[in-house]
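Engineer: Could you have a look at this structure, given as structure tokens, before my questions?
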Number of protein chains: 2
Amino acid sequence: MTTEEIILQAARKVFREKGLEGSRMQEIADEAGINKALLHYYFRSKDKLFMKIFSEAIQSMLPSVRISLQEVETLNQFLSFFVHEYLKLLNELPWLPRFILQEVNRNPKLIKDIMGNRELPINEIDRLIRRDTEKGLIMPISAEHLMVNVISMIIFPFAARPVIQTLIFKDDEHAYKQFLIDRSEQITQFVLRSISIQSKP
Amino acid sequence: MTTEEIILQAARKVFREKGLEGSRMQEIADEAGINKALLHYYFRSKDKLFMKIFSEAIQSMLPSVRISLQEVETLNQFLSFFVHEYLKLLNELPWLPRFILQEVNRNPKLIKDIMGNRELPINEIDRLIRRDTEKGLIMPISAEHLMVNVISMIIFPFAARPVIQTLIFKDDEHAYKQFLIDRSEQITQFVLRSISIQSKP
DNA sequence: GTCTATATGGCGATAGAC
DNA sequence: GTCTATCGCCATATAGAC
């Protein structure tokens, strides 16, 4: 492994845990087992090194919605797929929402700089909704509110884990882990029940 | 207004926007129109001043759930009330979720120190659910998942405003404000449709 | 490329005059 | 109580030997 890659790995770990302002170049150097000056030799400044790590994170946070939209027939299929895939990602990278929100809130320009032209294909989702509404499969609903609802339920428990764990689970870590395991199933059911036209006994 | 209150007001503004590590004592002093040394005269240290501001914020974030639980007959009533009251609070203090999450994620001990024994009355909500389930009014659902769903949908658009505004609303601020106005109605409908037993044409 | 040593600046905090 | 001046520390960044 090259020195550059060793530095990046150390920087990832430290920046994730402490953010830009909370991290020290010395700590990154220690983590990488090298000297502080080498960091500047490879990346010129702390800000430049941070931006490398941060844009990596943003990239992995933008899920392949487009792909899933193309493979899908109904809104229900799309939503099940979206929830499942997104939660799979977050279970592998549970620190992602915290890291991104922390830095973006401190410096909102970061989003535009990095995300560039990416955005959620609201129009296509809206088309799916209307098609299924006309077929009598689902109730009409605003695409924006629907997607914000779904995304909120997926991400928030990761973004606010310490608060939720204390406030709702009385700091029972095991209960919280089980909660996260059930989450995919629970969100999907919750959303589909809300938009579906049902007639249950 | 006393000097102490002037300082507190300046500190609120600066800490809210930049967090503990992002704020400078000099900036607070400038904002208050006084000298840096006076801050230390009144509050000894930056940390002590910050904790004053932060615990204020936490207190206002804990809504009067208990009160609304006592005034309520059915789960539907409770949820409508809860969503409405919470969003009313956040519309007055939209910076609250960002501020709290930012600091809590950096230092998770803060929650326990400040919130002390407070927690969401999950057991009472669970009792409400079971009562209405037996009456055939609603479907059975986990109280934890239900409340996390509701809280997520309420808070997340405030906690992640910059991201959502860019990703979903293409930075159209007017559209985002209208979205927030509709939010209370939309969340309530979304939740009640999901848990209710319906038979619609 | 990698190190040691040092420059440079900024910040929290304190001393002490008024 | 409020100010000016300054201490002491720590963090980023650079100079320069190897």
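Numbering starts fresh at 1 for the residues of each chain in the structure tokens, the chains themselves are lettered A, B, ... in the order given, and ligands are numbered from 1 as they appear.
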Fit chain A to chain B: least squares, all C-alpha atoms, paired in order; write the output as a PDB file with C-alpha atoms, in the first residue's frame.

Structural biologist:
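The resulting file, selection_6.pdb, is shown below:
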ATOM      1  CA  MET A   1     -31.245  44.433  30.150  1.00  0.00           C
ATOM      2  CA  THR A   2     -28.322  43.237  32.235  1.00  0.00           C
ATOM      3  CA  THR A   3     -24.881  42.642  30.752  1.00  0.00           C
ATOM      4  CA  GLU A   4     -25.230  38.963  31.529  1.00  0.00           C
ATOM      5  CA  GLU A   5     -28.378  38.723  29.434  1.00  0.00           C
ATOM      6  CA  ILE A   6     -26.765  40.655  26.588  1.00  0.00           C
ATOM      7  CA  ILE A   7     -23.879  38.198  26.581  1.00  0.00           C
ATOM      8  CA  LEU A   8     -26.211  35.201  26.625  1.00  0.00           C
ATOM      9  CA  GLN A   9     -28.154  36.539  23.677  1.00  0.00           C
ATOM     10  CA  ALA A  10     -24.989  37.088  21.667  1.00  0.00           C
ATOM     11  CA  ALA A  11     -23.695  33.654  22.624  1.00  0.00           C
ATOM     12  CA  ARG A  12     -26.937  32.031  21.518  1.00  0.00           C
ATOM     13  CA  LYS A  13     -26.672  33.551  18.092  1.00  0.00           C
ATOM     14  CA  VAL A  14     -23.020  32.682  17.499  1.00  0.00           C
ATOM     15  CA  PHE A  15     -23.079  29.155  18.978  1.00  0.00           C
ATOM     16  CA  ARG A  16     -26.215  28.263  17.020  1.00  0.00           C
ATOM     17  CA  GLU A  17     -24.659  29.199  13.731  1.00  0.00           C
ATOM     18  CA  LYS A  18     -21.150  27.873  14.234  1.00  0.00           C
ATOM     19  CA  GLY A  19     -21.266  25.331  17.025  1.00  0.00           C
ATOM     20  CA  LEU A  20     -18.842  25.063  19.925  1.00  0.00           C
ATOM     21  CA  GLU A  21     -15.616  24.571  18.020  1.00  0.00           C
ATOM     22  CA  GLY A  22     -16.553  26.882  15.171  1.00  0.00           C
ATOM     23  CA  SER A  23     -17.301  29.833  17.450  1.00  0.00           C
ATOM     24  CA  ARG A  24     -14.799  32.385  18.747  1.00  0.00           C
ATOM     25  CA  MET A  25     -15.046  34.226  22.049  1.00  0.00           C
ATOM     26  CA  GLN A  26     -14.040  37.371  20.160  1.00  0.00           C
ATOM     27  CA  GLU A  27     -17.026  36.996  17.863  1.00  0.00           C
ATOM     28  CA  ILE A  28     -19.398  36.644  20.783  1.00  0.00           C
ATOM     29  CA  ALA A  29     -17.874  39.702  22.421  1.00  0.00           C
ATOM     30  CA  ASP A  30     -18.261  41.723  19.212  1.00  0.00           C
ATOM     31  CA  GLU A  31     -21.850  40.570  18.829  1.00  0.00           C
ATOM     32  CA  ALA A  32     -22.549  41.674  22.395  1.00  0.00           C
ATOM     33  CA  GLY A  33     -20.699  44.966  21.926  1.00  0.00           C
ATOM     34  CA  ILE A  34     -18.426  44.345  24.884  1.00  0.00           C
ATOM     35  CA  ASN A  35     -14.916  43.212  25.617  1.00  0.00           C
ATOM     36  CA  LYS A  36     -13.637  39.655  25.402  1.00  0.00           C
ATOM     37  CA  ALA A  37     -12.450  39.672  28.999  1.00  0.00           C
ATOM     38  CA  LEU A  38     -15.948  40.343  30.251  1.00  0.00           C
ATOM     39  CA  LEU A  39     -17.098  36.992  28.910  1.00  0.00           C
ATOM     40  CA  HIS A  40     -14.659  35.289  31.241  1.00  0.00           C
ATOM     41  CA  TYR A  41     -15.606  37.552  34.084  1.00  0.00           C
ATOM     42  CA  TYR A  42     -19.224  36.409  33.805  1.00  0.00           C
ATOM     43  CA  PHE A  43     -18.864  32.785  32.708  1.00  0.00           C
ATOM     44  CA  ARG A  44     -15.282  31.718  33.538  1.00  0.00           C
ATOM     45  CA  SER A  45     -14.732  29.667  30.369  1.00  0.00           C
ATOM     46  CA  LYS A  46     -15.983  29.092  26.843  1.00  0.00           C
ATOM     47  CA  ASP A  47     -17.168  25.597  27.748  1.00  0.00           C
ATOM     48  CA  LYS A  48     -19.235  26.840  30.675  1.00  0.00           C
ATOM     49  CA  LEU A  49     -20.850  29.526  28.545  1.00  0.00           C
ATOM     50  CA  PHE A  50     -21.596  26.990  25.857  1.00  0.00           C
ATOM     51  CA  MET A  51     -23.206  24.551  28.256  1.00  0.00           C
ATOM     52  CA  LYS A  52     -25.613  27.272  29.406  1.00  0.00           C
ATOM     53  CA  ILE A  53     -26.758  27.820  25.824  1.00  0.00           C
ATOM     54  CA  PHE A  54     -26.814  24.149  24.957  1.00  0.00           C
ATOM     55  CA  SER A  55     -28.928  23.029  27.890  1.00  0.00           C
ATOM     56  CA  GLU A  56     -31.444  25.765  27.110  1.00  0.00           C
ATOM     57  CA  ALA A  57     -31.725  24.283  23.634  1.00  0.00           C
ATOM     58  CA  ILE A  58     -32.167  20.730  24.860  1.00  0.00           C
ATOM     59  CA  GLN A  59     -34.879  21.816  27.258  1.00  0.00           C
ATOM     60  CA  SER A  60     -36.926  23.461  24.528  1.00  0.00           C
ATOM     61  CA  MET A  61     -36.511  20.413  22.299  1.00  0.00           C
ATOM     62  CA  LEU A  62     -38.212  18.076  24.750  1.00  0.00           C
ATOM     63  CA  PRO A  63     -41.832  18.651  23.939  1.00  0.00           C
ATOM     64  CA  SER A  64     -44.634  18.260  26.398  1.00  0.00           C
ATOM     65  CA  VAL A  65     -45.524  14.746  25.377  1.00  0.00           C
ATOM     66  CA  ARG A  66     -46.753  13.870  28.815  1.00  0.00           C
ATOM     67  CA  ILE A  67     -49.210  16.708  28.814  1.00  0.00           C
ATOM     68  CA  SER A  68     -50.588  15.797  25.432  1.00  0.00           C
ATOM     69  CA  LEU A  69     -50.876  12.150  26.479  1.00  0.00           C
ATOM     70  CA  GLN A  70     -53.097  13.018  29.394  1.00  0.00           C
ATOM     71  CA  GLU A  71     -55.496  15.112  27.368  1.00  0.00           C
ATOM     72  CA  VAL A  72     -56.138  12.463  24.803  1.00  0.00           C
ATOM     73  CA  GLU A  73     -58.588   9.618  24.189  1.00  0.00           C
ATOM     74  CA  THR A  74     -57.296   7.750  21.147  1.00  0.00           C
ATOM     75  CA  LEU A  75     -53.942   7.123  19.481  1.00  0.00           C
ATOM     76  CA  ASN A  76     -55.087   9.105  16.461  1.00  0.00           C
ATOM     77  CA  GLN A  77     -55.753  12.131  18.619  1.00  0.00           C
ATOM     78  CA  PHE A  78     -52.384  11.801  20.288  1.00  0.00           C
ATOM     79  CA  LEU A  79     -50.499  11.556  17.001  1.00  0.00           C
ATOM     80  CA  SER A  80     -52.303  14.507  15.389  1.00  0.00           C
ATOM     81  CA  PHE A  81     -51.597  16.588  18.444  1.00  0.00           C
ATOM     82  CA  PHE A  82     -47.970  15.483  18.705  1.00  0.00           C
ATOM     83  CA  VAL A  83     -47.178  16.218  15.054  1.00  0.00           C
ATOM     84  CA  HIS A  84     -48.887  19.566  15.149  1.00  0.00           C
ATOM     85  CA  GLU A  85     -47.274  20.785  18.357  1.00  0.00           C
ATOM     86  CA  TYR A  86     -43.808  19.612  17.461  1.00  0.00           C
ATOM     87  CA  LEU A  87     -43.871  21.230  14.034  1.00  0.00           C
ATOM     88  CA  LYS A  88     -45.164  24.457  15.516  1.00  0.00           C
ATOM     89  CA  LEU A  89     -42.165  24.462  17.828  1.00  0.00           C
ATOM     90  CA  LEU A  90     -39.701  23.742  15.020  1.00  0.00           C
ATOM     91  CA  ASN A  91     -41.145  26.407  12.766  1.00  0.00           C
ATOM     92  CA  GLU A  92     -40.322  28.899  15.486  1.00  0.00           C
ATOM     93  CA  LEU A  93     -36.863  27.436  16.165  1.00  0.00           C
ATOM     94  CA  PRO A  94     -35.804  25.835  12.877  1.00  0.00           C
ATOM     95  CA  TRP A  95     -32.116  25.805  13.837  1.00  0.00           C
ATOM     96  CA  LEU A  96     -32.741  23.582  16.887  1.00  0.00           C
ATOM     97  CA  PRO A  97     -32.299  20.123  15.335  1.00  0.00           C
ATOM     98  CA  ARG A  98     -29.143  21.099  13.501  1.00  0.00           C
ATOM     99  CA  PHE A  99     -27.622  22.648  16.602  1.00  0.00           C
ATOM    100  CA  ILE A 100     -28.391  19.747  18.899  1.00  0.00           C
ATOM    101  CA  LEU A 101     -27.393  16.962  16.521  1.00  0.00           C
ATOM    102  CA  GLN A 102     -24.156  18.684  15.670  1.00  0.00           C
ATOM    103  CA  GLU A 103     -23.020  18.929  19.258  1.00  0.00           C
ATOM    104  CA  VAL A 104     -24.436  15.639  20.473  1.00  0.00           C
ATOM    105  CA  ASN A 105     -22.727  13.703  17.716  1.00  0.00           C
ATOM    106  CA  ARG A 106     -19.442  15.311  18.593  1.00  0.00           C
ATOM    107  CA  ASN A 107     -19.846  14.514  22.257  1.00  0.00           C
ATOM    108  CA  PRO A 108     -22.540  11.886  23.022  1.00  0.00           C
ATOM    109  CA  LYS A 109     -22.086  12.261  26.764  1.00  0.00           C
ATOM    110  CA  LEU A 110     -23.837  15.612  26.516  1.00  0.00           C
ATOM    111  CA  ILE A 111     -27.267  13.994  26.260  1.00  0.00           C
ATOM    112  CA  LYS A 112     -27.032  12.053  29.459  1.00  0.00           C
ATOM    113  CA  ASP A 113     -25.506  14.970  31.335  1.00  0.00           C
ATOM    114  CA  ILE A 114     -28.319  17.275  30.386  1.00  0.00           C
ATOM    115  CA  MET A 115     -31.427  15.250  29.725  1.00  0.00           C
ATOM    116  CA  GLY A 116     -30.995  13.370  32.941  1.00  0.00           C
ATOM    117  CA  ASN A 117     -33.921  11.057  33.450  1.00  0.00           C
ATOM    118  CA  ARG A 118     -36.206  12.263  30.684  1.00  0.00           C
ATOM    119  CA  GLU A 119     -37.436   9.744  28.163  1.00  0.00           C
ATOM    120  CA  LEU A 120     -40.318   9.182  25.813  1.00  0.00           C
ATOM    121  CA  PRO A 121     -43.235   7.446  27.596  1.00  0.00           C
ATOM    122  CA  ILE A 122     -43.147   4.465  25.262  1.00  0.00           C
ATOM    123  CA  ASN A 123     -45.104   2.286  27.651  1.00  0.00           C
ATOM    124  CA  GLU A 124     -48.034   4.647  27.755  1.00  0.00           C
ATOM    125  CA  ILE A 125     -48.093   4.944  23.984  1.00  0.00           C
ATOM    126  CA  ASP A 126     -47.969   1.191  23.741  1.00  0.00           C
ATOM    127  CA  ARG A 127     -50.996   0.992  26.014  1.00  0.00           C
ATOM    128  CA  LEU A 128     -52.868   3.404  23.742  1.00  0.00           C
ATOM    129  CA  ILE A 129     -51.977   1.260  20.744  1.00  0.00           C
ATOM    130  CA  ARG A 130     -53.239  -1.931  22.343  1.00  0.00           C
ATOM    131  CA  ARG A 131     -56.448  -0.333  23.489  1.00  0.00           C
ATOM    132  CA  ASP A 132     -57.254   0.943  20.008  1.00  0.00           C
ATOM    133  CA  THR A 133     -56.173  -2.325  18.446  1.00  0.00           C
ATOM    134  CA  GLU A 134     -58.614  -4.266  20.600  1.00  0.00           C
ATOM    135  CA  LYS A 135     -61.361  -1.844  19.644  1.00  0.00           C
ATOM    136  CA  GLY A 136     -60.612  -2.636  16.001  1.00  0.00           C
ATOM    137  CA  LEU A 137     -59.686   0.961  15.254  1.00  0.00           C
ATOM    138  CA  ILE A 138     -56.098   0.435  14.170  1.00  0.00           C
ATOM    139  CA  MET A 139     -53.641  -2.199  13.046  1.00  0.00           C
ATOM    140  CA  PRO A 140     -51.111  -3.498  15.572  1.00  0.00           C
ATOM    141  CA  ILE A 141     -47.734  -1.774  15.331  1.00  0.00           C
ATOM    142  CA  SER A 142     -44.540  -1.511  17.385  1.00  0.00           C
ATOM    143  CA  ALA A 143     -44.668   1.648  19.505  1.00  0.00           C
ATOM    144  CA  GLU A 144     -40.951   2.202  19.040  1.00  0.00           C
ATOM    145  CA  HIS A 145     -41.066   2.038  15.261  1.00  0.00           C
ATOM    146  CA  LEU A 146     -44.177   4.163  15.104  1.00  0.00           C
ATOM    147  CA  MET A 147     -42.678   6.916  17.233  1.00  0.00           C
ATOM    148  CA  VAL A 148     -39.319   6.832  15.462  1.00  0.00           C
ATOM    149  CA  ASN A 149     -41.163   7.065  12.142  1.00  0.00           C
ATOM    150  CA  VAL A 150     -43.159  10.067  13.265  1.00  0.00           C
ATOM    151  CA  ILE A 151     -40.259  11.856  14.911  1.00  0.00           C
ATOM    152  CA  SER A 152     -38.038  11.223  11.898  1.00  0.00           C
ATOM    153  CA  MET A 153     -40.552  12.711   9.489  1.00  0.00           C
ATOM    154  CA  ILE A 154     -40.995  15.744  11.713  1.00  0.00           C
ATOM    155  CA  ILE A 155     -37.380  16.543  12.472  1.00  0.00           C
ATOM    156  CA  PHE A 156     -35.317  15.352   9.519  1.00  0.00           C
ATOM    157  CA  PRO A 157     -36.365  18.084   7.053  1.00  0.00           C
ATOM    158  CA  PHE A 158     -35.052  20.618   9.561  1.00  0.00           C
ATOM    159  CA  ALA A 159     -31.895  18.699  10.435  1.00  0.00           C
ATOM    160  CA  ALA A 160     -30.975  18.146   6.799  1.00  0.00           C
ATOM    161  CA  ARG A 161     -32.484  21.235   5.225  1.00  0.00           C
ATOM    162  CA  PRO A 162     -29.569  22.158   2.936  1.00  0.00           C
ATOM    163  CA  VAL A 163     -29.324  18.640   1.532  1.00  0.00           C
ATOM    164  CA  ILE A 164     -33.038  18.186   0.939  1.00  0.00           C
ATOM    165  CA  GLN A 165     -33.415  21.627  -0.528  1.00  0.00           C
ATOM    166  CA  THR A 166     -30.753  20.871  -3.109  1.00  0.00           C
ATOM    167  CA  LEU A 167     -31.484  17.225  -3.768  1.00  0.00           C
ATOM    168  CA  ILE A 168     -35.259  17.380  -3.999  1.00  0.00           C
ATOM    169  CA  PHE A 169     -36.214  21.011  -4.534  1.00  0.00           C
ATOM    170  CA  LYS A 170     -33.371  22.117  -6.818  1.00  0.00           C
ATOM    171  CA  ASP A 171     -32.590  24.997  -4.440  1.00  0.00           C
ATOM    172  CA  ASP A 172     -36.006  26.557  -4.908  1.00  0.00           C
ATOM    173  CA  GLU A 173     -36.400  28.216  -1.501  1.00  0.00           C
ATOM    174  CA  HIS A 174     -39.999  29.171  -2.092  1.00  0.00           C
ATOM    175  CA  ALA A 175     -40.937  25.592  -2.918  1.00  0.00           C
ATOM    176  CA  TYR A 176     -39.218  24.456   0.261  1.00  0.00           C
ATOM    177  CA  LYS A 177     -41.107  26.922   2.437  1.00  0.00           C
ATOM    178  CA  GLN A 178     -44.399  25.844   0.959  1.00  0.00           C
ATOM    179  CA  PHE A 179     -43.347  22.246   1.584  1.00  0.00           C
ATOM    180  CA  LEU A 180     -42.827  23.019   5.271  1.00  0.00           C
ATOM    181  CA  ILE A 181     -46.220  24.696   5.519  1.00  0.00           C
ATOM    182  CA  ASP A 182     -47.950  21.593   4.135  1.00  0.00           C
ATOM    183  CA  ARG A 183     -45.873  19.310   6.299  1.00  0.00           C
ATOM    184  CA  SER A 184     -48.110  19.020   9.359  1.00  0.00           C
ATOM    185  CA  GLU A 185     -51.146  18.002   7.327  1.00  0.00           C
ATOM    186  CA  GLN A 186     -49.111  15.642   5.152  1.00  0.00           C
ATOM    187  CA  ILE A 187     -47.422  13.785   7.981  1.00  0.00           C
ATOM    188  CA  THR A 188     -50.621  13.389   9.949  1.00  0.00           C
ATOM    189  CA  GLN A 189     -52.484  11.973   6.962  1.00  0.00           C
ATOM    190  CA  PHE A 190     -49.581   9.714   6.072  1.00  0.00           C
ATOM    191  CA  VAL A 191     -49.344   8.244   9.553  1.00  0.00           C
ATOM    192  CA  LEU A 192     -53.057   7.890  10.206  1.00  0.00           C
ATOM    193  CA  ARG A 193     -53.619   6.202   6.847  1.00  0.00           C
ATOM    194  CA  SER A 194     -50.883   3.728   7.667  1.00  0.00           C
ATOM    195  CA  ILE A 195     -52.166   2.629  11.045  1.00  0.00           C
ATOM    196  CA  SER A 196     -55.918   2.919  10.459  1.00  0.00           C
ATOM    197  CA  ILE A 197     -58.121   0.035   9.416  1.00  0.00           C
ATOM    198  CA  GLN A 198     -59.808   1.318   6.321  1.00  0.00           C
ATOM    199  CA  SER A 199     -62.222   0.180   3.672  1.00  0.00           C
ATOM    200  CA  LYS A 200     -62.145   2.652   0.834  1.00  0.00           C
ATOM    201  CA  PRO A 201     -63.610   2.215  -2.621  1.00  0.00           C
TER     202      PRO A 201
END

Engineer: Set the distance at 12 Å and use only C-alpha atoms (C1' of nucleotides): which residues neighbour DA5 (chain C) once local chain neighbours fewer than 5 positions away are removed? I'd like the list as a list in words.

Structural biologist: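 The residues that qualify are Ala37 of chain A; DT14, DA15, DG16 and DA17 of chain D.
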
Engineer: Using only C-alpha atoms (C1' of nucleotides), which protein or nucleic acid residues come within 10 Å of DA15 (chain C)? Drop anything in the same chain fewer than 3 positions from it, and give the result as a PyMOL selection string.

Structural biologist: chain D and resi 5-7

Engineer: Take the residues that were just selected and, keeping N, CA, C and O atoms (P, O5', C5', C4', C3', O3' and C1' of nucleotides), output them as a PDB file, in the first residue's frame.

Structural biologist:
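Okay, out.pdb is ready:
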ATOM      1  P    DA D   5      -3.522  48.807  24.729  1.00  0.00           P
ATOM      2  O5'  DA D   5      -2.728  47.668  25.536  1.00  0.00           O
ATOM      3  C5'  DA D   5      -2.435  47.876  26.923  1.00  0.00           C
ATOM      4  C4'  DA D   5      -1.664  46.680  27.445  1.00  0.00           C
ATOM      5  C3'  DA D   5      -0.750  46.022  26.411  1.00  0.00           C
ATOM      6  O3'  DA D   5       0.496  45.722  27.025  1.00  0.00           O
ATOM      7  C1'  DA D   5      -2.279  44.423  27.262  1.00  0.00           C
ATOM      8  P    DT D   6       1.679  45.026  26.189  1.00  0.00           P
ATOM      9  O5'  DT D   6       1.644  43.529  26.737  1.00  0.00           O
ATOM     10  C5'  DT D   6       1.339  43.300  28.121  1.00  0.00           C
ATOM     11  C4'  DT D   6       1.115  41.830  28.343  1.00  0.00           C
ATOM     12  C3'  DT D   6       1.990  40.899  27.502  1.00  0.00           C
ATOM     13  O3'  DT D   6       2.544  39.939  28.357  1.00  0.00           O
ATOM     14  C1'  DT D   6      -0.232  40.203  27.410  1.00  0.00           C
ATOM     15  P    DC D   7       3.814  39.055  27.850  1.00  0.00           P
ATOM     16  O5'  DC D   7       3.757  37.794  28.841  1.00  0.00           O
ATOM     17  C5'  DC D   7       2.892  37.838  29.984  1.00  0.00           C
ATOM     18  C4'  DC D   7       2.113  36.529  30.107  1.00  0.00           C
ATOM     19  C3'  DC D   7       2.884  35.295  29.656  1.00  0.00           C
ATOM     20  O3'  DC D   7       2.844  34.336  30.681  1.00  0.00           O
ATOM     21  C1'  DC D   7       0.741  35.359  28.627  1.00  0.00           C
TER      22       DC D   7
END

Engineer: Could you work out how far C1' of DC10 (chain D) lies from C1' of DC11 (chain C), giving the answer in Å with one decimal?

Structural biologist: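 Computed distance, C1' of DC11 (chain C) to C1' of DC10 (chain D), equals 8.9 Å.
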
Engineer: Give one line per residue of chain C that approaches chain B to at most 10 Å, naming the two atoms of the closest pair and their distance in Å to one decimal, counting only C-alpha atoms (C1' of nucleotides); sort by chain then ascending residue number and deliver it as a Markdown table.

Structural biologist:
| residue | atom | partner | partner_atom | distance |
| --- | --- | --- | --- | --- |
| C:DC11 | C1' | B:Arg24 | CA | 7.8 |
| C:DG12 | C1' | B:Lys46 | CA | 7.7 |
| C:DA13 | C1' | B:His40 | CA | 7.7 |
| C:DT14 | C1' | B:Ala37 | CA | 8.8 |

Engineer: Please report as a list in words which residues of chain D come no farther than 12 Å from chain B, using only C-alpha atoms (C1' of nucleotides).

Structural biologist: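 Close to chain B, chain D has DG1, DT2, DC3, DT4 and DA5 of chain D.
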
Engineer: Selection from above, N, CA and C atoms (P, O5', C5', C4', C3', O3' and C1' of nucleotides), as a compact mmCIF listing (two decimals), in the first residue's frame, can you write it?

Structural biologist:
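Output saved as out.txt:
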# COMPACT_ATOMS: atom_id res chain seq x y z
P DG D 1 -21.97 43.23 38.99
O5' DG D 1 -21.44 44.40 38.03
C5' DG D 1 -20.05 44.73 37.85
C4' DG D 1 -20.02 45.74 36.73
C3' DG D 1 -19.85 45.14 35.33
O3' DG D 1 -20.26 46.13 34.38
C1' DG D 1 -17.82 46.14 35.98
P DT D 2 -20.44 45.80 32.85
O5' DT D 2 -19.08 46.23 32.17
C5' DT D 2 -18.81 47.61 31.96
C4' DT D 2 -17.38 47.81 31.55
C3' DT D 2 -16.91 46.96 30.36
O3' DT D 2 -16.79 47.77 29.20
C1' DT D 2 -15.24 47.17 32.05
P DC D 3 -16.21 47.15 27.84
O5' DC D 3 -14.64 47.49 27.91
C5' DC D 3 -14.20 48.82 27.71
C4' DC D 3 -12.77 48.98 28.17
C3' DC D 3 -11.73 48.29 27.30
O3' DC D 3 -11.28 49.16 26.27
C1' DC D 3 -11.27 47.97 29.64
P DT D 4 -10.31 48.57 25.14
O5' DT D 4 -8.89 48.49 25.83
C5' DT D 4 -8.28 49.65 26.38
C4' DT D 4 -6.85 49.33 26.78
C3' DT D 4 -5.98 48.74 25.67
O3' DT D 4 -4.65 49.25 25.78
C1' DT D 4 -6.12 47.19 27.45
P DA D 5 -3.52 48.81 24.73
O5' DA D 5 -2.73 47.67 25.54
C5' DA D 5 -2.43 47.88 26.92
C4' DA D 5 -1.66 46.68 27.45
C3' DA D 5 -0.75 46.02 26.41
O3' DA D 5 0.50 45.72 27.02
C1' DA D 5 -2.28 44.42 27.26

Engineer: Out of region 91-173 of chain A, which residues get alpha helix (DSSP H) from DSSP, as a ChimeraX atom specification?

Structural biologist: /A:91-92,96-106,109-115,122-134,143-159,161-167,173
